[in-house]
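Enquirer: Sharing upload_34.cif below, mmCIF, C-alpha atoms and all ligand atoms:
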data_query
#
loop_
_atom_site.label_atom_id
_atom_site.label_comp_id
_atom_site.auth_asym_id
_atom_site.auth_seq_id
_atom_site.Cartn_x
_atom_site.Cartn_y
_atom_site.Cartn_z
CA MET A 1 -34.78 -77.38 64.96
CA TRP A 2 -31.00 -76.88 64.43
CA PRO A 3 -30.90 -78.13 60.88
CA THR A 4 -33.79 -75.81 60.00
CA LEU A 5 -31.96 -72.86 61.54
CA ALA A 6 -28.74 -73.81 59.74
CA ILE A 7 -30.57 -74.01 56.40
CA PHE A 8 -32.27 -70.67 57.07
CA ALA A 9 -28.92 -69.07 57.96
CA ALA A 10 -27.24 -70.52 54.87
CA VAL A 11 -30.02 -69.24 52.56
CA PHE A 12 -29.83 -65.85 54.21
CA ALA A 13 -26.02 -65.77 53.82
CA ILE A 14 -26.21 -66.79 50.17
CA GLY A 15 -28.94 -64.17 49.50
CA PHE A 16 -26.85 -61.49 51.16
CA LEU A 17 -23.78 -62.51 49.20
CA VAL A 18 -25.70 -62.38 45.90
CA LEU A 19 -27.15 -58.96 46.70
CA TRP A 20 -23.78 -57.59 47.84
CA ARG A 21 -21.99 -58.82 44.71
CA GLY A 22 -24.74 -57.42 42.50
CA GLU A 23 -24.49 -54.03 44.11
CA ARG A 24 -20.68 -54.14 43.94
CA ARG A 25 -20.80 -55.00 40.28
CA GLN A 26 -23.21 -52.15 39.72
CA ARG A 27 -20.92 -49.75 41.59
CA LEU A 28 -17.89 -50.98 39.65
CA GLY A 29 -19.78 -50.58 36.40
CA GLU A 30 -20.73 -47.03 37.32
CA ALA A 31 -17.12 -46.19 38.19
CA GLU A 32 -15.95 -47.64 34.89
CA ARG A 33 -18.56 -45.71 32.97
CA HIS A 34 -17.63 -42.57 34.83
CA GLU A 35 -13.96 -43.09 34.04
CA LYS A 36 -14.77 -43.76 30.39
CA THR A 37 -16.84 -40.57 30.13
CA LEU A 38 -13.99 -38.66 31.76
CA ARG A 39 -11.52 -40.14 29.28
CA GLU A 40 -13.80 -39.22 26.38
CA LEU A 41 -14.24 -35.69 27.67
CA THR A 42 -10.48 -35.25 28.11
CA ALA A 43 -9.86 -36.60 24.61
CA LYS A 44 -12.54 -34.25 23.24
CA GLY A 45 -10.98 -31.32 25.12
CA GLU A 46 -7.55 -32.20 23.73
CA GLN A 47 -8.98 -32.52 20.23
CA LYS A 48 -10.71 -29.15 20.59
CA LYS A 49 -7.45 -27.59 21.73
CA LEU A 50 -5.61 -29.15 18.79
CA ASN A 51 -8.29 -27.97 16.36
CA PHE A 52 -8.16 -24.47 17.81
CA ARG A 53 -4.36 -24.40 17.52
CA ALA A 54 -4.53 -25.66 13.92
CA GLU A 55 -7.12 -22.97 13.08
CA GLN A 56 -4.93 -20.28 14.64
CA GLU A 57 -1.88 -21.53 12.78
CA THR A 58 -3.76 -21.58 9.46
CA LEU A 59 -5.03 -18.07 10.09
CA PHE A 60 -1.57 -16.85 11.07
CA ASN A 61 0.05 -18.38 8.01
CA SER A 62 -2.62 -17.29 5.56
CA MET A 63 -2.21 -13.62 6.50
CA ILE A 64 -0.91 -11.38 3.71
CA GLU A 65 1.07 -9.33 6.21
CA GLY A 66 4.33 -10.71 7.54
CA VAL A 67 4.23 -11.13 11.32
CA LEU A 68 7.21 -11.39 13.68
CA VAL A 69 6.68 -12.05 17.39
CA LEU A 70 9.60 -11.48 19.78
CA ASP A 71 9.87 -12.54 23.40
CA GLY A 72 10.85 -10.27 26.32
CA GLU A 73 14.57 -10.74 25.48
CA GLY A 74 14.07 -9.66 21.89
CA GLN A 75 14.44 -13.18 20.52
CA VAL A 76 12.24 -14.60 17.80
CA ARG A 77 9.31 -16.56 19.20
CA LEU A 78 7.14 -16.86 16.11
CA VAL A 79 7.08 -15.84 12.45
CA ASN A 80 4.44 -16.58 9.81
CA ASP A 81 4.89 -17.80 6.22
CA ALA A 82 4.34 -14.29 4.78
CA PHE A 83 7.21 -12.94 6.90
CA GLN A 84 9.53 -15.71 5.68
CA ASP A 85 8.56 -15.07 2.04
CA LEU A 86 8.87 -11.29 2.41
CA PHE A 87 12.40 -11.50 3.81
CA ASN A 88 13.34 -14.62 1.91
CA LEU A 89 14.24 -16.34 5.20
CA HIS A 90 13.23 -19.97 5.11
CA GLN A 91 15.41 -21.38 7.88
CA ASN A 92 14.25 -21.87 11.48
CA LEU A 93 14.45 -18.46 13.16
CA LYS A 94 13.09 -19.41 16.58
CA GLY A 95 15.37 -18.28 19.43
CA ARG A 96 17.52 -15.99 17.26
CA SER A 97 18.01 -12.35 18.11
CA LEU A 98 16.30 -9.80 15.86
CA MET A 99 19.55 -8.79 14.17
CA GLU A 100 20.63 -12.40 13.68
CA ALA A 101 17.30 -13.13 12.04
CA VAL A 102 16.76 -10.15 9.72
CA ARG A 103 20.12 -8.29 9.62
CA LEU A 104 18.44 -4.97 8.88
CA HIS A 105 19.34 -1.87 10.87
CA GLU A 106 16.06 -0.17 9.88
CA ILE A 107 14.11 -2.90 11.69
CA GLU A 108 16.38 -2.74 14.71
CA LYS A 109 15.65 1.00 14.79
CA ILE A 110 11.90 0.31 14.82
CA TYR A 111 12.44 -2.27 17.58
CA ASN A 112 14.34 0.24 19.77
CA GLN A 113 11.79 2.99 19.11
CA THR A 114 8.92 0.63 20.03
CA LEU A 115 10.68 -0.25 23.30
CA VAL A 116 10.71 3.46 24.19
CA VAL A 117 7.27 4.60 23.01
CA GLY A 118 5.25 1.37 23.19
CA GLN A 119 4.11 1.29 19.57
CA VAL A 120 5.12 2.55 16.13
CA HIS A 121 2.61 3.00 13.29
CA GLY A 122 3.10 3.39 9.54
CA TYR A 123 6.90 3.36 9.45
CA ASN A 124 7.95 2.98 5.79
CA ILE A 125 11.15 1.22 4.84
CA GLU A 126 12.72 0.55 1.47
CA LEU A 127 14.61 -2.69 0.93
CA PRO A 128 16.82 -2.40 -2.17
CA ALA A 129 18.44 -5.74 -1.37
CA LEU A 130 15.05 -7.47 -1.41
CA GLN A 131 13.88 -6.77 -4.98
CA ASP A 132 13.35 -3.08 -4.22
CA ARG A 133 10.49 -3.78 -1.89
CA SER A 134 8.70 -1.07 0.07
CA LEU A 135 7.32 -2.15 3.43
CA GLN A 136 5.12 -0.44 5.96
CA VAL A 137 5.79 -1.58 9.53
CA ASN A 138 3.52 -1.41 12.56
CA SER A 139 4.84 -2.60 15.88
CA THR A 140 3.65 -2.79 19.44
CA VAL A 141 4.94 -4.19 22.75
CA ILE A 142 3.05 -7.08 24.35
CA LEU A 143 2.23 -6.41 28.02
CA ASP A 144 1.10 -8.92 30.64
CA GLN A 145 -1.66 -8.36 33.25
CA ARG A 146 0.78 -6.46 35.47
CA SER A 147 1.68 -4.23 32.51
CA GLU A 148 5.11 -5.74 32.27
CA ARG A 149 6.70 -6.18 28.85
CA ARG A 150 6.44 -9.77 27.61
CA GLY A 151 7.60 -9.20 24.06
CA MET A 152 6.85 -7.36 20.87
CA ILE A 153 4.85 -7.93 17.71
CA LEU A 154 5.92 -6.45 14.37
CA VAL A 155 3.61 -6.50 11.33
CA PHE A 156 5.05 -5.94 7.83
CA HIS A 157 2.77 -4.80 5.02
CA ASP A 158 4.18 -5.04 1.48
CA ILE A 159 3.28 -1.72 -0.20
CA THR A 160 5.54 -2.16 -3.27
CA ARG A 161 2.57 -2.53 -5.65
CA ILE A 162 0.78 0.51 -4.17
CA ARG A 163 3.98 2.53 -4.59
CA GLU A 164 4.31 1.41 -8.20
CA LEU A 165 0.69 2.34 -8.94
CA GLU A 166 1.18 5.73 -7.30
CA SER A 167 4.22 6.41 -9.43
CA THR A 168 2.39 5.25 -12.62
CA ARG A 169 -0.48 7.58 -11.76
CA ARG A 170 1.88 10.52 -11.15
CA GLU A 171 3.69 9.81 -14.41
CA PHE A 172 0.37 9.58 -16.26
CA VAL A 173 -0.88 12.93 -14.90
CA ALA A 174 2.45 14.56 -15.83
CA ASN A 175 2.26 13.09 -19.35
CA VAL A 176 -1.36 14.15 -19.88
CA SER A 177 -0.58 17.69 -18.68
CA HIS A 178 2.38 17.87 -21.03
CA GLU A 179 0.39 16.51 -23.99
CA LEU A 180 -2.43 18.99 -23.38
CA ARG A 181 -0.16 21.95 -22.73
CA THR A 182 1.92 21.63 -25.92
CA PRO A 183 -0.88 22.04 -28.52
CA LEU A 184 -2.69 24.57 -26.32
CA SER A 185 0.34 26.86 -26.05
CA LEU A 186 0.92 26.55 -29.81
CA ILE A 187 -2.71 27.48 -30.52
CA LYS A 188 -2.42 30.41 -28.10
CA GLY A 189 0.80 31.60 -29.79
CA TYR A 190 -0.73 31.55 -33.29
CA VAL A 191 -3.93 33.27 -32.12
CA GLU A 192 -1.88 36.07 -30.46
CA THR A 193 0.16 36.55 -33.64
CA LEU A 194 -3.08 36.77 -35.67
CA ILE A 195 -4.50 39.35 -33.24
CA ASP A 196 -1.26 41.33 -33.35
CA GLY A 197 -1.66 41.89 -37.11
CA ALA A 198 -1.05 38.69 -39.02
CA ARG A 199 -4.80 38.50 -39.68
CA ASN A 200 -4.35 41.33 -42.19
CA GLU A 201 -2.15 39.16 -44.40
CA PRO A 202 -4.57 36.59 -45.85
CA GLU A 203 -1.94 34.05 -46.88
CA VAL A 204 -0.18 34.07 -43.51
CA ALA A 205 -3.52 34.09 -41.69
CA LEU A 206 -4.70 30.99 -43.62
CA LYS A 207 -1.45 29.17 -42.86
CA PHE A 208 -1.79 29.98 -39.15
CA LEU A 209 -5.43 28.96 -39.10
CA ASN A 210 -4.55 25.60 -40.67
CA THR A 211 -1.91 25.06 -38.01
CA ILE A 212 -4.38 25.99 -35.29
CA GLU A 213 -6.86 23.49 -36.73
CA LYS A 214 -4.19 20.76 -36.75
CA HIS A 215 -3.36 21.31 -33.07
CA ALA A 216 -7.03 21.53 -32.12
CA ASP A 217 -7.53 18.14 -33.88
CA ARG A 218 -4.61 16.76 -31.90
CA LEU A 219 -6.29 17.88 -28.69
CA THR A 220 -9.56 16.29 -29.76
CA PHE A 221 -7.85 12.95 -30.59
CA LEU A 222 -6.01 13.03 -27.30
CA ILE A 223 -9.17 13.61 -25.29
CA GLU A 224 -11.01 10.90 -27.24
CA ASP A 225 -8.20 8.38 -26.64
CA LEU A 226 -7.98 9.32 -22.96
CA LEU A 227 -11.72 8.80 -22.57
CA THR A 228 -11.57 5.45 -24.39
CA LEU A 229 -8.74 4.24 -22.16
CA SER A 230 -10.46 5.46 -19.03
CA HIS A 231 -13.77 3.79 -20.05
CA LEU A 232 -11.96 0.55 -20.87
CA GLU A 233 -10.11 0.53 -17.56
CA SER A 234 -13.12 1.42 -15.44
CA GLY A 235 -15.24 -1.24 -17.17
CA GLN A 236 -17.72 1.39 -18.45
CA LEU A 237 -16.95 0.37 -22.01
CA VAL A 238 -18.35 -3.14 -22.05
CA VAL A 239 -16.80 -5.58 -24.50
CA ASN A 240 -19.54 -7.64 -26.11
CA PRO A 241 -18.02 -10.48 -28.15
CA ARG A 242 -20.06 -12.00 -30.98
CA MET A 243 -19.06 -14.14 -33.94
CA THR A 244 -17.67 -11.52 -36.32
CA ASP A 245 -16.45 -11.79 -39.91
CA LEU A 246 -12.81 -10.65 -39.80
CA LYS A 247 -12.42 -10.02 -43.55
CA ASN A 248 -15.47 -7.70 -43.53
CA SER A 249 -14.14 -5.76 -40.53
CA VAL A 250 -10.75 -5.31 -42.23
CA GLU A 251 -12.50 -4.21 -45.45
CA ARG A 252 -14.49 -1.53 -43.64
CA VAL A 253 -11.41 -0.09 -41.90
CA CYS A 254 -9.43 -0.13 -45.17
CA GLU A 255 -12.22 1.86 -46.80
CA ASP A 256 -12.22 4.42 -43.98
CA LEU A 257 -8.46 4.83 -44.30
CA SER A 258 -8.20 4.64 -48.10
CA LYS A 259 -7.84 8.42 -48.57
CA LYS A 260 -5.09 8.63 -45.96
CA ALA A 261 -3.28 5.69 -47.59
CA ALA A 262 -3.67 7.23 -51.04
CA LYS A 263 -2.02 10.44 -49.86
CA ARG A 264 1.15 8.42 -49.18
CA GLU A 265 0.54 6.15 -52.15
CA ILE A 266 0.31 3.14 -49.88
CA ASP A 267 -1.52 0.00 -51.00
CA LEU A 268 -3.83 -1.47 -48.39
CA VAL A 269 -4.06 -5.22 -49.01
CA ASN A 270 -6.80 -7.18 -47.26
CA ALA A 271 -5.27 -10.67 -47.51
CA VAL A 272 -7.53 -12.38 -44.97
CA GLY A 273 -8.33 -15.61 -46.79
CA GLY A 274 -12.03 -16.55 -47.11
CA GLN A 275 -14.46 -16.27 -44.26
CA VAL A 276 -12.63 -16.15 -40.92
CA MET A 277 -15.01 -15.84 -37.98
CA VAL A 278 -13.67 -14.53 -34.66
CA ALA A 279 -15.30 -13.98 -31.26
CA ALA A 280 -15.05 -10.20 -30.98
CA ASP A 281 -16.95 -7.04 -30.23
CA GLY A 282 -17.41 -5.59 -33.74
CA ASP A 283 -16.82 -1.93 -32.79
CA ARG A 284 -13.81 -2.69 -30.63
CA LEU A 285 -12.29 -4.97 -33.30
CA GLN A 286 -12.59 -2.12 -35.82
CA GLN A 287 -10.92 0.22 -33.34
CA VAL A 288 -7.98 -2.20 -33.00
CA LEU A 289 -7.67 -2.61 -36.79
CA PHE A 290 -8.02 1.15 -37.30
CA ASN A 291 -5.22 1.99 -34.84
CA LEU A 292 -2.84 -0.62 -36.32
CA ILE A 293 -3.55 0.14 -40.00
CA ASP A 294 -3.48 3.90 -39.30
CA ASN A 295 -0.03 3.47 -37.69
CA ALA A 296 1.16 1.34 -40.60
CA ILE A 297 0.15 4.16 -42.96
CA LYS A 298 1.68 6.89 -40.75
CA TYR A 299 5.00 5.13 -40.07
CA GLY A 300 5.21 2.86 -43.12
CA ARG A 301 7.15 3.54 -46.33
CA SER A 302 5.49 5.94 -48.76
CA SER A 303 4.48 4.04 -51.92
CA GLY A 304 4.78 0.88 -49.85
CA ASP A 305 2.34 -1.89 -48.85
CA VAL A 306 0.28 -2.57 -45.75
CA ARG A 307 -0.93 -6.19 -45.63
CA ILE A 308 -3.50 -7.63 -43.28
CA THR A 309 -3.48 -11.43 -42.94
CA ALA A 310 -4.92 -14.06 -40.60
CA ALA A 311 -3.59 -17.51 -39.71
CA PRO A 312 -4.63 -20.22 -37.26
CA GLY A 313 -3.00 -19.57 -33.89
CA GLU A 314 -2.57 -21.81 -30.83
CA ASP A 315 -5.39 -23.27 -28.68
CA GLY A 316 -8.31 -22.36 -30.94
CA PHE A 317 -7.16 -18.78 -31.56
CA VAL A 318 -6.76 -16.87 -34.82
CA GLU A 319 -3.68 -14.69 -35.22
CA VAL A 320 -4.18 -11.47 -37.16
CA CYS A 321 -1.19 -9.59 -38.58
CA VAL A 322 -0.88 -5.99 -39.80
CA ALA A 323 2.45 -5.65 -41.62
CA ASP A 324 4.17 -2.69 -43.26
CA ASP A 325 7.45 -2.28 -45.10
CA GLY A 326 8.46 0.93 -43.33
CA ALA A 327 11.54 2.03 -41.41
CA GLY A 328 10.97 -0.47 -38.58
CA ILE A 329 11.49 0.00 -34.83
CA ALA A 330 14.66 -0.51 -32.77
CA PRO A 331 14.50 -3.58 -30.43
CA GLU A 332 14.76 -1.50 -27.20
CA ALA A 333 11.75 0.60 -28.32
CA CYS A 334 9.74 -2.52 -29.25
CA GLU A 335 9.76 -3.58 -25.58
CA ARG A 336 7.99 -0.37 -24.51
CA LEU A 337 5.70 0.18 -27.49
CA PHE A 338 2.45 -0.70 -25.70
CA GLU A 339 3.07 1.70 -22.78
CA ARG A 340 0.93 4.81 -22.65
CA PHE A 341 2.56 7.84 -24.29
CA PHE A 342 5.60 5.89 -25.41
CA ARG A 343 6.77 6.93 -28.87
CA ALA A 344 9.61 5.40 -30.83
CA ASP A 345 9.72 8.44 -33.11
CA LYS A 346 8.45 11.45 -31.13
CA ALA A 347 8.73 14.07 -33.86
CA ARG A 348 6.94 11.95 -36.44
CA SER A 349 4.18 10.95 -34.06
CA ARG A 350 3.46 14.57 -33.04
CA ASP A 351 3.63 15.75 -36.62
CA GLN A 352 1.02 13.13 -37.61
CA GLY A 353 -1.28 14.13 -34.74
CA GLY A 354 -0.41 10.97 -32.77
CA THR A 355 -1.50 10.73 -29.16
CA GLY A 356 0.87 7.97 -28.04
CA LEU A 357 -2.14 6.04 -26.74
CA GLY A 358 -3.20 4.02 -29.80
CA LEU A 359 -1.23 0.88 -29.00
CA ALA A 360 -2.14 1.01 -25.30
CA ILE A 361 -5.80 0.98 -26.37
CA VAL A 362 -5.14 -1.94 -28.76
CA LYS A 363 -3.51 -3.95 -25.98
CA HIS A 364 -6.34 -3.23 -23.56
CA ILE A 365 -9.07 -4.24 -26.03
CA ILE A 366 -7.32 -7.45 -27.10
CA GLN A 367 -6.60 -8.47 -23.51
CA SER A 368 -10.22 -7.88 -22.55
CA HIS A 369 -11.11 -10.39 -25.33
CA GLY A 370 -8.70 -12.91 -23.76
CA GLY A 371 -6.14 -12.46 -26.59
CA GLU A 372 -2.55 -11.23 -26.78
CA VAL A 373 -0.64 -8.63 -28.80
CA ARG A 374 2.98 -8.57 -29.90
CA VAL A 375 5.24 -6.84 -32.35
CA GLU A 376 8.04 -8.01 -34.64
CA SER A 377 10.18 -5.42 -36.33
CA GLN A 378 13.42 -5.08 -38.21
CA VAL A 379 15.01 -1.70 -38.73
CA GLY A 380 15.01 -0.86 -42.44
CA THR A 381 12.66 -3.73 -43.36
CA GLY A 382 9.33 -3.17 -41.70
CA THR A 383 7.06 -3.86 -38.74
CA SER A 384 4.38 -6.48 -38.09
CA PHE A 385 1.83 -6.23 -35.30
CA PHE A 386 0.10 -9.46 -34.29
CA PHE A 387 -2.98 -10.01 -32.14
CA THR A 388 -4.96 -13.13 -31.31
CA LEU A 389 -8.71 -13.63 -31.01
CA ASN A 390 -10.74 -16.66 -30.07
CA LYS A 391 -12.46 -18.66 -32.82
CA GLU A 392 -15.33 -19.51 -30.54
CA LEU A 393 -17.61 -17.71 -28.10
CA PHE A 394 -17.49 -18.78 -24.45
P1 LIG B 401 0.91 7.32 -31.80
O1 LIG B 401 -0.34 8.08 -31.58
O2 LIG B 401 2.14 8.09 -31.46
O3 LIG B 401 0.97 6.68 -33.14
P2 LIG B 401 0.74 4.63 -30.75
O4 LIG B 401 0.50 4.16 -29.38
O5 LIG B 401 -0.23 4.21 -31.79
O6 LIG B 401 0.87 6.20 -30.67
O7 LIG B 401 2.17 4.14 -31.20
C1 LIG B 401 3.25 4.35 -30.33
C2 LIG B 401 4.54 4.55 -31.11
O8 LIG B 401 4.90 3.33 -31.75
C3 LIG B 401 4.44 5.54 -32.22
O9 LIG B 401 4.66 6.84 -31.73
C4 LIG B 401 5.52 5.09 -33.17
O10 LIG B 401 6.76 5.65 -32.78
C5 LIG B 401 5.59 3.59 -32.95
N1 LIG B 401 4.87 2.82 -34.02
C6 LIG B 401 3.62 2.36 -33.98
N2 LIG B 401 3.33 1.67 -35.09
C7 LIG B 401 4.43 1.69 -35.86
C8 LIG B 401 4.77 1.17 -37.15
N3 LIG B 401 3.90 0.46 -37.86
N4 LIG B 401 6.02 1.39 -37.60
C9 LIG B 401 6.93 2.10 -36.90
N5 LIG B 401 6.67 2.62 -35.68
C10 LIG B 401 5.43 2.44 -35.17
#
Written as structure tokens, how would this file's structure read?
Expert:
Amino acid sequence: MWPTLAIFAAVFAIGFLVLWRGERRQRLGEAERHEKTLRELTAKGEQKKLNFRAEQETLFNSMIEGVLVLDGEGQVRLVNDAFQDLFNLHQNLKGRSLMEAVRLHEIEKIYNQTLVVGQVHGYNIELPALQDRSLQVNSTVILDQRSERRGMILVFHDITRIRELESTRREFVANVSHELRTPLSLIKGYVETLIDGARNEPEVALKFLNTIEKHADRLTFLIEDLLTLSHLESGQLVVNPRMTDLKNSVERVCEDLSKKAAKREIDLVNAVGGQVMVAADGDRLQQVLFNLIDNAIKYGRSSGDVRITAAPGEDGFVEVCVADDGAGIAPEACERLFERFFRADKARSRDQGGTGLGLAIVKHIIQSHGGEVRVESQVGTGTSFFFTLNKELF
């Protein structure tokens, strides 16, 4: 009986031990799995946080506006790349006071004003020391949940380009008004003189009427050139490049201008060798050639030559040249020749009915073909205008 009981007890004990160990192992496994999941979740959370921070940093640094964040003591906490570029400050600014960092009293003024009123909007500052930049500053204090000041954020918007465009526009309007007013007041003056009695003297009346016609033509040219420029700039005048025979285009323009050239006994020489094909809008190319050859006739030497040539340029381009043997242009004027309304010789240009817009139109058309224009001139020897056009269509 006893041995049977002992065997039974031993089997029972072993069975219990096996079961207990199995369950323990299972529990340990569960705990390990649980811990592993927890570790994974924590790592994922950390990764998410890091990703979020990286995204925020990228966003902050890709902003066009410069941003400066100050803490409650007015010390730099954060700046973005745009701020550092704008102020040309590439050292570590963290922890510096505002004045130590930027050394600009204007900005200190904005800081103090923001402390008093909470925020400042659209404050414009000029920075002559920083390449004449114009900045617009917006600033606001940072408050915590208890409405206590925790710092300040200042945003700097570079408005230099906008300012420049504004000034160009103002200058343009002033120039146009002046150009329109001059021939108009001359026309009005002659008409009044005719009304007052000059009409009764046929010879004088004819002379006045011719002058009136000349100024009316000047107005017409001006308005035409203004419309062309405006259409080119607004994209209304679409440039449609096709393979165009350069020599033919030059020939046509020379024919159109032959009478004008003959009046000054100028020889127009089409020296474009053979068939040179260029990728250009036919009408626009003729406009470019017309403006350059017309100028060469107007400002060139009477009884002189105007030669049009073409030579291979760089990178698959053809370089066209319109050269005269006139009085030439001073170097300081050459730099500004393609600006609207710029004239090297004001009196001569006005006398010839010039609008001061011809070269600006040339530049615009050539650039819209992907080419470039330039001028070479020597006072007393002559002037050559060059422009490039592609040999192939894209
Ligand atoms: P404009 O209508 O006055 O001719 P452009 O824009 O065509 O206007 O030319 C600008 C100025 O450049 C002219 O007023 C003139 O002073 C100068 N210019 C242009 N072409 C020549 C040239 N071939 N020789 C000398 N001066 C020139």
Enquirer: Quick one: everything within 12 Å of Arg343 in chain A, counting only C-alpha atoms, minus sequence neighbours fewer than 5 positions away in the same chain. Send it as a list in words.
Expert: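 Near Arg343 in chain A, the qualifying residues are Asn295, Tyr299, Ile329, Ala330, Glu332, Ala333, Cys334, Glu335, Arg336, Leu337, Phe338, Arg348, Ser349, Arg350, Gly354, Thr355, Gly356, Leu357, Gly358, Leu359 and Ala360 of chain A.
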Enquirer: Generate the output file for the selected residues, C-alpha atoms, as a short mmCIF file (atom, residue, chain, number, x, y, z; two decimals), in the frame of the given file.
Expert:
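Dumped to selection_7.cif:
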data_model
loop_
_atom_site.label_atom_id
_atom_site.label_comp_id
_atom_site.auth_asym_id
_atom_site.auth_seq_id
_atom_site.Cartn_x
_atom_site.Cartn_y
_atom_site.Cartn_z
CA ASN A 295 -0.03 3.47 -37.69
CA TYR A 299 5.00 5.13 -40.07
CA ILE A 329 11.49 0.00 -34.83
CA ALA A 330 14.66 -0.51 -32.77
CA GLU A 332 14.76 -1.50 -27.20
CA ALA A 333 11.75 0.60 -28.32
CA CYS A 334 9.74 -2.52 -29.25
CA GLU A 335 9.76 -3.58 -25.58
CA ARG A 336 7.99 -0.37 -24.51
CA LEU A 337 5.70 0.18 -27.49
CA PHE A 338 2.45 -0.70 -25.70
CA ARG A 348 6.94 11.95 -36.44
CA SER A 349 4.18 10.95 -34.06
CA ARG A 350 3.46 14.57 -33.04
CA GLY A 354 -0.41 10.97 -32.77
CA THR A 355 -1.50 10.73 -29.16
CA GLY A 356 0.87 7.97 -28.04
CA LEU A 357 -2.14 6.04 -26.74
CA GLY A 358 -3.20 4.02 -29.80
CA LEU A 359 -1.23 0.88 -29.00
CA ALA A 360 -2.14 1.01 -25.30
#
Enquirer: Return the single residue from A:Glu192, A:Asp225, A:Asp245, A:Glu314 that is closest to ligand LIG 401 (chain B), with distances computed using only C-alpha atoms and all ligand atoms.
Expert: A:Asp225
Enquirer: CA of Phe83 in chain A to CA of Ala54 in chain A: how many Å, to one decimal?
Expert: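 Between CA of Phe83 in chain A and CA of Ala54 in chain A the gap is 18.7 Å.
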Enquirer: In Å, rounded to a single decimal, give me how far CA of Glu32 in chain A is from CA of Ala13 in chain A.
Expert: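 Those two atoms sit 28.1 Å apart.
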Enquirer: Find the residue from A:Arg252, A:Arg21, A:His364, A:Lys391 that sits nearest to Val318 in chain A; use all atoms listed in the file when measuring.
Expert: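 Distance minimum relative to Val318 in chain A lands on A:Lys391.
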Enquirer: Kindly provide the residues of range 161-252 of chain A that approach range 259-283 of chain A to within 12 Å, each paired with its closest atom pair and their distance in Å to one decimal, based on all atoms listed in the file, listed by chain and increasing number, as CSV.
Expert:
residue,atom,partner,partner_atom,distance
A:Leu237,CA,A:Asp283,CA,11.0
A:Val238,CA,A:Asp281,CA,9.2
A:Val239,CA,A:Asp281,CA,5.9
A:Asn240,CA,A:Asp281,CA,4.9
A:Pro241,CA,A:Ala280,CA,4.1
A:Arg242,CA,A:Ala279,CA,5.2
A:Met243,CA,A:Ala279,CA,4.6
A:Thr244,CA,A:Val278,CA,5.3
A:Asp245,CA,A:Met277,CA,4.7
A:Leu246,CA,A:Val276,CA,5.6
A:Lys247,CA,A:Val272,CA,5.6
A:Asn248,CA,A:Gln275,CA,8.7
A:Ser249,CA,A:Gly282,CA,7.5
A:Val250,CA,A:Asn270,CA,6.7
A:Glu251,CA,A:Asn270,CA,6.7
A:Arg252,CA,A:Asn270,CA,10.2
Enquirer: With only C-alpha atoms and all ligand atoms as the atoms that count, which of A:Val141, A:Ile308, A:Ala327, A:Val120 lies nearest to ligand LIG 401 (chain B)?
Expert: A:Ala327
Enquirer: Which residue is closest to ligand LIG 401 (chain B)? Choose from A:Arg284, A:Arg218, A:Arg53, A:Arg77 and count only C-alpha atoms and all ligand atoms.
Expert: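 When distances to ligand LIG 401 (chain B) are compared using only C-alpha atoms and all ligand atoms, the smallest one comes from A:Arg218.
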Enquirer: One number please: CA of Val69 in chain A to CA of Gly95 in chain A, in Å, one decimal.
Expert: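 Answer for the CA of Val69 in chain A to CA of Gly95 in chain A separation: 10.9 Å.
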Enquirer: Could you check the closest approach to ligand LIG 401 (chain B) for each of A:Leu289, A:Ile125, A:Ala344, A:Leu38 and tell me which residue wins, using only C-alpha atoms and all ligand atoms?
Expert: A:Ala344
